Amino acid sequence: EEDFLNSTAIFSEEKKIITSKNLQGGEVVNIFGGTDINLMQADIQGPIVIDVFQLFAGTKIIVPAHWKVHSKVVSIFGEVDDRRFFQETAKTEKKIIHLKGTSIFGGVTIKSM
């Protein structure tokens with residue numbers, strides 16, 4: 001069990017289920033590939049940063065519904081798509097993910113279950 005997410009997919013695909021109860025952040029690099037990250041079994045103790053760099057690639061992140069996600073990803077011919085269903089659930093102020101980085105000809109999708 002690691003507390004730091006590290007994923008590199010070059011002409012390939014990675015699927016990760018993170019179970020760390022003290023996730024500290026991470027880095028995702030995708031070039032002509034993709035990464036699926038499932039954080040439903042993970043926990044964070046405070047705000048974390050996940051750095052993303054992708055070229056002709058995509059990243060999908062599944063987070064618990066009560067976590068906040070702030071994106072500062074720069075997209076060039078791509079998008080950051082927050083597909084979470086917003087309901088009247090109380091957001092936890094300590095459970096914040098800051099997405100940073102660059103996406104060129106690719107997309108970042110954020111979902112919750």
# chains A, B, ... in the order shown; residues from 1 in each chain; ligands from 1

$ closest_atom_pairs --of "segment 45-94 of chain A" --to "segment 12-32 of chain A" --cutoff "12 Å" --atoms "only C-alpha atoms" --output "CSV"
residue,atom,partner,partner_atom,distance
A:Gln45,CA,A:Asn22,CA,6.1
A:Gly46,CA,A:Gln24,CA,8.4
A:Pro47,CA,A:Gln24,CA,8.4
A:Ile48,CA,A:Gly25,CA,5.0
A:Val49,CA,A:Gly25,CA,4.9
A:Ile50,CA,A:Gly26,CA,4.6
A:Asp51,CA,A:Glu27,CA,4.7
A:Val52,CA,A:Val28,CA,4.8
A:Phe53,CA,A:Val29,CA,4.9
A:Gln54,CA,A:Asn30,CA,4.5
A:Leu55,CA,A:Ile31,CA,4.8
A:Phe56,CA,A:Phe32,CA,4.9
A:Ala57,CA,A:Phe32,CA,5.0
A:Gly58,CA,A:Asn30,CA,7.1
A:Thr59,CA,A:Asn30,CA,7.9
A:Lys60,CA,A:Lys15,CA,9.4
A:Ile61,CA,A:Lys16,CA,9.7
A:Ile62,CA,A:Ile17,CA,9.6
A:Val63,CA,A:Ile18,CA,10.5

$ atom_distance --atom1 "atom CA of Ile44 of chain A" --atom2 "atom CA of Pro64 of chain A"
11.0 Å

$ atom_distance --atom1 "atom CA of Ile104 of chain A" --atom2 "atom CA of His66 of chain A"
29.2 Å

$ residues_around --residues "Gly107 of chain A" --least-positions-apart "4" --cutoff "6 Å" --atoms "only C-alpha atoms" --output "mmCIF file with N, CA, C and O atoms, in the first residue's frame"
data_model
loop_
_atom_site.group_PDB
_atom_site.id
_atom_site.type_symbol
_atom_site.label_atom_id
_atom_site.label_comp_id
_atom_site.auth_asym_id
_atom_site.auth_seq_id
_atom_site.Cartn_x
_atom_site.Cartn_y
_atom_site.Cartn_z
ATOM 1 N N GLY A 58 -5.765 10.034 -22.014
ATOM 2 C CA GLY A 58 -6.861 10.381 -21.125
ATOM 3 C C GLY A 58 -6.684 9.818 -19.732
ATOM 4 O O GLY A 58 -6.017 8.810 -19.534
ATOM 5 N N GLY A 78 -8.430 19.681 -25.693
ATOM 6 C CA GLY A 78 -8.925 18.650 -24.786
ATOM 7 C C GLY A 78 -9.882 19.270 -23.801
ATOM 8 O O GLY A 78 -10.340 20.400 -23.987
ATOM 9 N N GLU A 79 -10.178 18.550 -22.732
ATOM 10 C CA GLU A 79 -11.107 19.065 -21.740
ATOM 11 C C GLU A 79 -10.891 18.419 -20.385
ATOM 12 O O GLU A 79 -10.301 17.348 -20.268
ATOM 13 N N VAL A 80 -11.404 19.102 -19.374
ATOM 14 C CA VAL A 80 -11.541 18.523 -18.042
ATOM 15 C C VAL A 80 -13.034 18.458 -17.795
ATOM 16 O O VAL A 80 -13.713 19.485 -17.783
#

$ residues_around --residues "Arg83 of chain A" --least-positions-apart "5" --cutoff "10 Å" --atoms "only C-alpha atoms" --output "list of chain:residue names"
A:Ile62, A:Thr109, A:Ile110, A:Lys111, A:Ser112
